Every structure is written in C-alpha cells, then in structure tokens.
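Printed here is final_29.csv (CSV, C-alpha atoms):
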chain,number,residue,atom,x,y,z
A,8,MET,CA,22.5,76.9,32.3
A,9,ARG,CA,18.8,77.2,31.5
A,10,LEU,CA,16.7,75.3,28.9
A,11,ASP,CA,13.1,76.0,28.0
A,12,ALA,CA,10.7,73.3,26.9
A,13,GLU,CA,7.0,72.7,26.6
A,14,VAL,CA,7.1,69.4,28.4
A,15,CYS,CA,9.7,67.9,30.8
A,16,VAL,CA,9.4,64.1,31.3
A,17,ILE,CA,11.3,62.7,34.3
A,18,GLY,CA,12.1,59.1,33.8
A,19,GLY,CA,13.2,57.5,30.5
A,20,GLY,CA,11.7,54.0,31.0
A,21,PRO,CA,9.0,52.7,28.7
A,22,THR,CA,6.3,55.1,30.0
A,23,GLY,CA,8.5,58.2,29.8
A,24,ALA,CA,10.1,57.2,26.5
A,25,ALA,CA,6.7,56.4,25.0
A,26,LEU,CA,5.2,59.7,26.2
A,27,ALA,CA,8.2,61.7,24.9
A,28,SER,CA,8.1,59.9,21.5
A,29,ARG,CA,4.5,60.6,21.0
A,30,LEU,CA,4.6,64.2,22.1
A,31,ALA,CA,7.7,65.0,20.0
A,32,THR,CA,6.1,63.3,17.0
A,33,LEU,CA,3.1,65.6,17.4
A,34,GLY,CA,5.4,68.6,17.3
A,35,HIS,CA,5.8,69.4,21.0
A,36,ASP,CA,9.2,70.5,22.5
A,37,VAL,CA,10.0,67.7,24.9
A,38,VAL,CA,12.9,67.1,27.3
A,39,VAL,CA,13.5,63.7,29.0
A,40,VAL,CA,15.6,63.4,32.2
A,41,GLU,CA,16.8,59.9,33.0
A,42,ARG,CA,19.2,59.1,35.8
A,43,HIS,CA,20.5,55.7,34.6
A,44,ALA,CA,22.7,54.8,31.7
A,45,PHE,CA,21.1,52.3,29.4
A,46,PRO,CA,21.1,49.4,29.0
A,47,ARG,CA,20.6,49.1,32.8
A,48,PRO,CA,20.3,45.8,34.7
A,49,HIS,CA,16.6,45.0,34.8
A,50,VAL,CA,14.5,41.8,35.0
A,51,GLY,CA,12.9,40.4,31.9
A,52,GLU,CA,9.3,40.9,31.1
A,53,SER,CA,6.6,39.1,29.1
A,54,VAL,CA,4.8,41.5,26.8
A,55,SER,CA,1.4,40.6,25.3
A,56,PRO,CA,0.7,40.8,21.5
A,57,GLY,CA,-1.2,44.1,22.3
A,58,VAL,CA,2.1,45.9,22.3
A,59,TRP,CA,2.6,45.8,18.5
A,60,PRO,CA,0.0,48.5,17.6
A,61,LEU,CA,1.5,50.8,20.3
A,62,LEU,CA,5.0,50.3,19.1
A,63,GLU,CA,3.8,51.0,15.5
A,64,LEU,CA,2.2,54.2,16.7
A,65,LEU,CA,5.5,55.3,18.4
A,66,GLY,CA,7.6,54.4,15.4
A,67,ALA,CA,9.5,51.8,17.4
A,68,ARG,CA,8.1,48.5,16.0
A,69,ALA,CA,10.9,47.9,13.5
A,70,ALA,CA,13.6,48.4,16.0
A,71,VAL,CA,12.0,46.1,18.6
A,72,GLU,CA,11.4,43.4,15.9
A,73,ALA,CA,15.0,43.7,14.8
A,74,ALA,CA,16.2,43.2,18.4
A,75,GLY,CA,15.4,39.5,18.2
A,76,PHE,CA,13.6,39.2,21.5
A,77,PRO,CA,12.1,35.7,22.0
A,78,ARG,CA,8.6,35.3,20.7
A,79,SER,CA,5.8,33.6,22.5
A,80,VAL,CA,2.7,32.3,20.6
A,81,ARG,CA,1.3,30.4,23.6
A,82,ALA,CA,0.4,31.3,27.1
A,83,ARG,CA,-0.6,28.8,29.8
A,84,VAL,CA,-3.1,30.6,32.1
A,85,ARG,CA,-4.7,29.3,35.3
A,86,TRP,CA,-6.8,32.1,36.8
A,87,GLY,CA,-9.6,30.7,39.0
A,88,GLU,CA,-10.2,27.8,36.6
A,89,PRO,CA,-8.4,24.8,35.2
A,90,GLU,CA,-5.2,25.6,33.3
A,91,ARG,CA,-5.9,26.6,29.7
A,92,LEU,CA,-3.5,26.9,26.8
A,93,ARG,CA,-4.1,30.1,24.8
A,94,SER,CA,-2.5,30.6,21.4
A,95,THR,CA,-1.9,33.9,19.6
A,96,VAL,CA,-1.4,33.0,16.0
A,97,ALA,CA,-1.8,36.4,14.3
A,98,GLN,CA,0.8,38.2,16.5
A,99,PRO,CA,3.1,36.6,19.0
A,100,GLY,CA,3.9,38.2,22.4
A,101,ILE,CA,7.6,38.8,23.3
A,102,THR,CA,9.8,38.3,26.3
A,103,VAL,CA,12.1,41.3,26.5
A,104,ASP,CA,15.3,42.0,28.3
A,105,ARG,CA,14.0,45.3,29.9
A,106,GLY,CA,17.5,46.9,29.8
A,107,ALA,CA,17.7,46.5,26.1
A,108,PHE,CA,14.0,47.2,25.5
A,109,ASP,CA,14.1,50.4,27.5
A,110,GLN,CA,17.2,51.5,25.6
A,111,LEU,CA,15.4,51.0,22.2
A,112,LEU,CA,12.4,53.1,23.4
A,113,LEU,CA,14.6,55.9,24.6
A,114,ILE,CA,16.6,56.0,21.4
A,115,ASN,CA,13.3,56.1,19.6
A,116,ALA,CA,12.2,59.2,21.7
A,117,ARG,CA,15.5,60.9,20.8
A,118,ARG,CA,14.9,60.2,17.1
A,119,ALA,CA,11.4,61.5,17.3
A,120,GLY,CA,12.9,64.9,18.4
A,121,ALA,CA,13.0,64.7,22.2
A,122,THR,CA,16.0,66.1,24.0
A,123,VAL,CA,17.4,63.5,26.4
A,124,PHE,CA,19.6,64.1,29.4
A,125,GLN,CA,21.1,60.9,30.6
A,126,THR,CA,22.6,60.3,33.2
A,127,ALA,CA,20.9,63.1,34.9
A,128,THR,CA,19.0,63.4,38.2
A,129,ALA,CA,16.1,65.7,38.9
A,130,ARG,CA,16.9,67.4,42.2
A,131,ARG,CA,14.1,69.9,42.6
A,132,CYS,CA,10.8,70.5,40.9
A,133,VAL,CA,8.9,73.7,41.7
A,134,LEU,CA,5.6,74.8,40.2
A,135,GLY,CA,5.4,78.5,39.6
A,136,ALA,CA,2.9,80.9,37.9
A,137,ASP,CA,4.6,80.3,34.5
A,138,GLY,CA,5.1,76.6,34.8
A,139,TRP,CA,7.7,74.2,36.2
A,140,LYS,CA,11.3,74.9,37.1
A,141,VAL,CA,13.2,71.6,37.2
A,142,GLU,CA,16.8,71.6,38.5
A,143,ILE,CA,18.8,68.7,37.2
A,144,ALA,CA,22.3,67.4,38.0
A,145,THR,CA,24.4,66.1,35.0
A,146,ALA,CA,28.0,65.2,34.6
A,147,ASP,CA,28.6,68.7,33.3
A,148,GLY,CA,27.0,70.4,36.3
A,149,THR,CA,23.6,71.8,37.2
A,150,ARG,CA,21.0,72.8,34.7
A,151,VAL,CA,17.6,74.3,35.0
A,152,ILE,CA,14.7,73.3,32.8
A,153,ARG,CA,11.7,75.5,32.5
A,154,ALA,CA,8.7,73.7,31.2
A,155,ARG,CA,5.0,74.4,30.9
A,156,PHE,CA,4.1,70.8,31.8
A,157,LEU,CA,5.9,68.1,33.9
A,158,ALA,CA,5.3,64.4,33.6
A,159,ASP,CA,6.6,62.2,36.4
A,160,ALA,CA,7.4,58.8,34.8
A,161,THR,CA,9.7,57.6,37.6
A,162,GLY,CA,7.5,54.8,38.8
A,163,ARG,CA,7.8,54.0,42.5
A,164,ARG,CA,10.5,56.6,43.0
A,165,ARG,CA,8.1,59.4,42.3
A,166,VAL,CA,9.7,62.8,42.0
A,167,LEU,CA,6.4,64.5,42.7
A,168,CYS,CA,5.8,63.1,46.2
A,169,GLY,CA,2.0,62.9,46.3
A,170,THR,CA,0.2,60.7,48.7
A,171,ARG,CA,0.3,57.0,48.0
A,172,ARG,CA,-2.4,54.5,48.7
A,173,HIS,CA,-1.8,50.7,48.4
A,174,THR,CA,-4.6,48.9,46.6
A,175,SER,CA,-3.3,45.4,46.7
A,176,VAL,CA,-0.8,43.1,48.3
A,177,PRO,CA,2.9,43.7,47.5
A,178,THR,CA,4.3,41.8,44.6
A,179,VAL,CA,7.6,40.1,43.9
A,180,ALA,CA,9.0,39.5,40.4
A,181,LEU,CA,11.1,36.5,39.6
A,182,HIS,CA,12.9,36.2,36.3
A,183,ALA,CA,14.9,33.2,35.0
A,184,CYS,CA,16.3,31.9,31.8
A,185,TRP,CA,16.2,28.2,30.9
A,186,ARG,CA,19.0,27.0,28.6
A,187,GLY,CA,18.2,24.5,25.9
A,188,VAL,CA,14.6,25.7,25.2
A,189,ARG,CA,14.0,26.3,21.5
A,190,ALA,CA,12.5,29.7,20.7
A,191,GLU,CA,9.4,28.1,19.1
A,192,GLU,CA,8.7,26.4,22.5
A,193,ALA,CA,8.7,29.6,24.5
A,194,GLN,CA,5.6,30.1,26.6
A,195,THR,CA,4.2,32.7,29.0
A,196,ARG,CA,2.8,31.1,32.2
A,197,ILE,CA,0.3,32.9,34.4
A,198,GLU,CA,-1.2,31.5,37.5
A,199,ALA,CA,-3.5,33.0,40.2
A,200,ARG,CA,-3.2,31.7,43.7
A,201,PRO,CA,-5.0,32.7,46.9
A,202,GLU,CA,-2.0,34.7,48.1
A,203,GLY,CA,-1.1,36.3,44.8
A,204,TRP,CA,-0.3,35.5,41.2
A,205,LEU,CA,2.7,34.2,39.3
Have the structure of the file written as structure tokens, please.
Amino acid sequence: MRLDAEVCVIGGGPTGAALASRLATLGHDVVVVERHAFPRPHVGESVSPGVWPLLELLGARAAVEAAGFPRSVRARVRWGEPERLRSTVAQPGITVDRGAFDQLLLINARRAGATVFQTATARRCVLGADGWKVEIATADGTRVIRARFLADATGRRRVLCGTRRHTSVPTVALHACWRGVRAEEAQTRIEARPEGWL
C-alpha cells in the first residue's frame, strides 16, 4: 500500500514529534514513523525552564503541565568554579519521565494533524528524482511512503547512514529516584569534572 506525503519524519521522540507538530500546524502533510510503542522504558531527564516557550509554540504546554512532572526551581552548578545555587523563580524546570514525555509529544503531533505509524520500522529509504521512497514494516504488512522531504530524527540509530565524527568523549547517563524528597525540595545538580560532567 502506498501513501503520499510532503514530509516523512522517521523517529517519534521529542525531536521528531516536535518537528511533525510544527510542520502539521503550518499546514504541511506529515507522516511520522516510530518503531517503539509509547510509553517506552527510558531514563528521566532534567529539562530547563527554556522548554516552556517551545512547548507553548507546539501546543503541548498544557498537556505537559497536566502530567504532573516534578518541578525544579533550583539548580546546583559547579562548572570550573565553586558550586553555585541558581534559582529560577519565574518558571521552574521539570524532571520528566522520558517515556511519558515522549508519548505526550507524539500525541500532540497526531492532534496537530500528522499521520503516525507506530510501531513501524523504516526498512529502506531511497532518494529519487521526485523525492523519497520510504519502505516501512508495520503489524499490517509493508507500506511505501512517498515524500518530498525526509527528516531522520532517529538519533544515534540514524536511518540515513552518513559519516559520523566524534567531537567529544563518550557520555553515560545515570538516572535515579530518591524516595522521601518533597517536590518543593527537588533540585537539578550539574558538575563539571576533568574527565567529564555529571
């Protein structure tokens, strides 16, 4: 079965969902291909207060606020200097469960008008004279999406296997939850060390 679209976005995480939401809101015909069912297991992430205007622009702010993610109005930062406590009074940051956060953003893209294929895997992407031909595998079988533009939002997996150049040391993310900490005491902690940052 064939489907025509203006833009095909591969990857329905925050980048892909945000791009699809914005393009669909602007009137473009967008298809998103996401291989995982959401909410998927994913580590938590600290998000700075700068996210609120972006969520507002995407039409996702109310849903994210309603999700009840822990707010953080303070950040302890040690970056080549003595530790400092920074406070953000106007807008707090949030610590999100990425599985739930990603799901909210992809639902938002669908509401904005994007067509979402989930769980679906992009098997082959071929650029021709009239645009991209993307073959995807879904539970219902194989489909072909023809799109003028293709956005690879798969992160490290990269469907479009271009060359990759490392520009820094590898990173490791650790995520933990402490019981017994009141929400108003939540803080983001950032520290730079000679061998990396935490």
Would you tabulate, counting only C-alpha atoms, all residues of segment 102-177 of chain A that have an atom at most 10 Å from an atom of segment 22-46 of chain A, showing the closest pair of atoms and their distance in Å to one decimal, sorted by chain then ascending number, as a tab-separated table?
residue	atom	partner	partner_atom	distance
A:Asp104	CA	A:Pro46	CA	9.4
A:Arg105	CA	A:Pro46	CA	8.2
A:Gly106	CA	A:Pro46	CA	4.5
A:Ala107	CA	A:Pro46	CA	5.3
A:Phe108	CA	A:Pro46	CA	8.2
A:Asp109	CA	A:Pro46	CA	7.2
A:Gln110	CA	A:Phe45	CA	5.5
A:Leu111	CA	A:Pro46	CA	9.0
A:Leu112	CA	A:Ala24	CA	5.6
A:Leu113	CA	A:Ala24	CA	5.1
A:Ile114	CA	A:Ala24	CA	8.3
A:Asn115	CA	A:Ser28	CA	6.7
A:Ala116	CA	A:Ser28	CA	4.2
A:Arg117	CA	A:Ser28	CA	7.5
A:Arg118	CA	A:Ser28	CA	8.1
A:Ala119	CA	A:Ser28	CA	5.6
A:Gly120	CA	A:Ala31	CA	5.4
A:Ala121	CA	A:Val37	CA	5.0
A:Thr122	CA	A:Val38	CA	4.6
A:Val123	CA	A:Val39	CA	4.7
A:Phe124	CA	A:Val40	CA	4.9
A:Gln125	CA	A:Glu41	CA	5.0
A:Thr126	CA	A:Arg42	CA	4.4
A:Ala127	CA	A:Arg42	CA	4.4
A:Thr128	CA	A:Arg42	CA	4.9
A:Ala129	CA	A:Val40	CA	7.1
A:Val141	CA	A:Val40	CA	9.9
A:Ile143	CA	A:Val40	CA	8.0
A:Ala144	CA	A:Arg42	CA	9.1
A:Thr145	CA	A:Arg42	CA	8.8
A:Ile152	CA	A:Val38	CA	8.5
A:Arg153	CA	A:Val38	CA	10.0
A:Ala154	CA	A:Val38	CA	8.7
A:Phe156	CA	A:Val37	CA	9.6
A:Leu157	CA	A:Val38	CA	9.7
A:Ala158	CA	A:Gly23	CA	7.9
A:Asp159	CA	A:Gly23	CA	7.9
A:Ala160	CA	A:Gly23	CA	5.2
A:Thr161	CA	A:Gly23	CA	7.9
A:Gly162	CA	A:Thr22	CA	8.9
Report task. List the neighbours of Pro56 of chain A out to 7 Å using only C-alpha atoms; skip same-chain residues closer than 5 positions along the sequence, and give me the result as JSON, numbers by chain. Result -> {"A": [98, 99, 100]}
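What separates atom CA of Thr102 of chain A from atom CA of Arg47 of chain A is a distance of 16.6 Å.
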Query - Gap from atom CA of Val103 of chain A to atom CA of Arg83 of chain A - Å, one decimal - result: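 Interatomic distance, atom CA of Val103 of chain A to atom CA of Arg83 of chain A: 18.1 Å.
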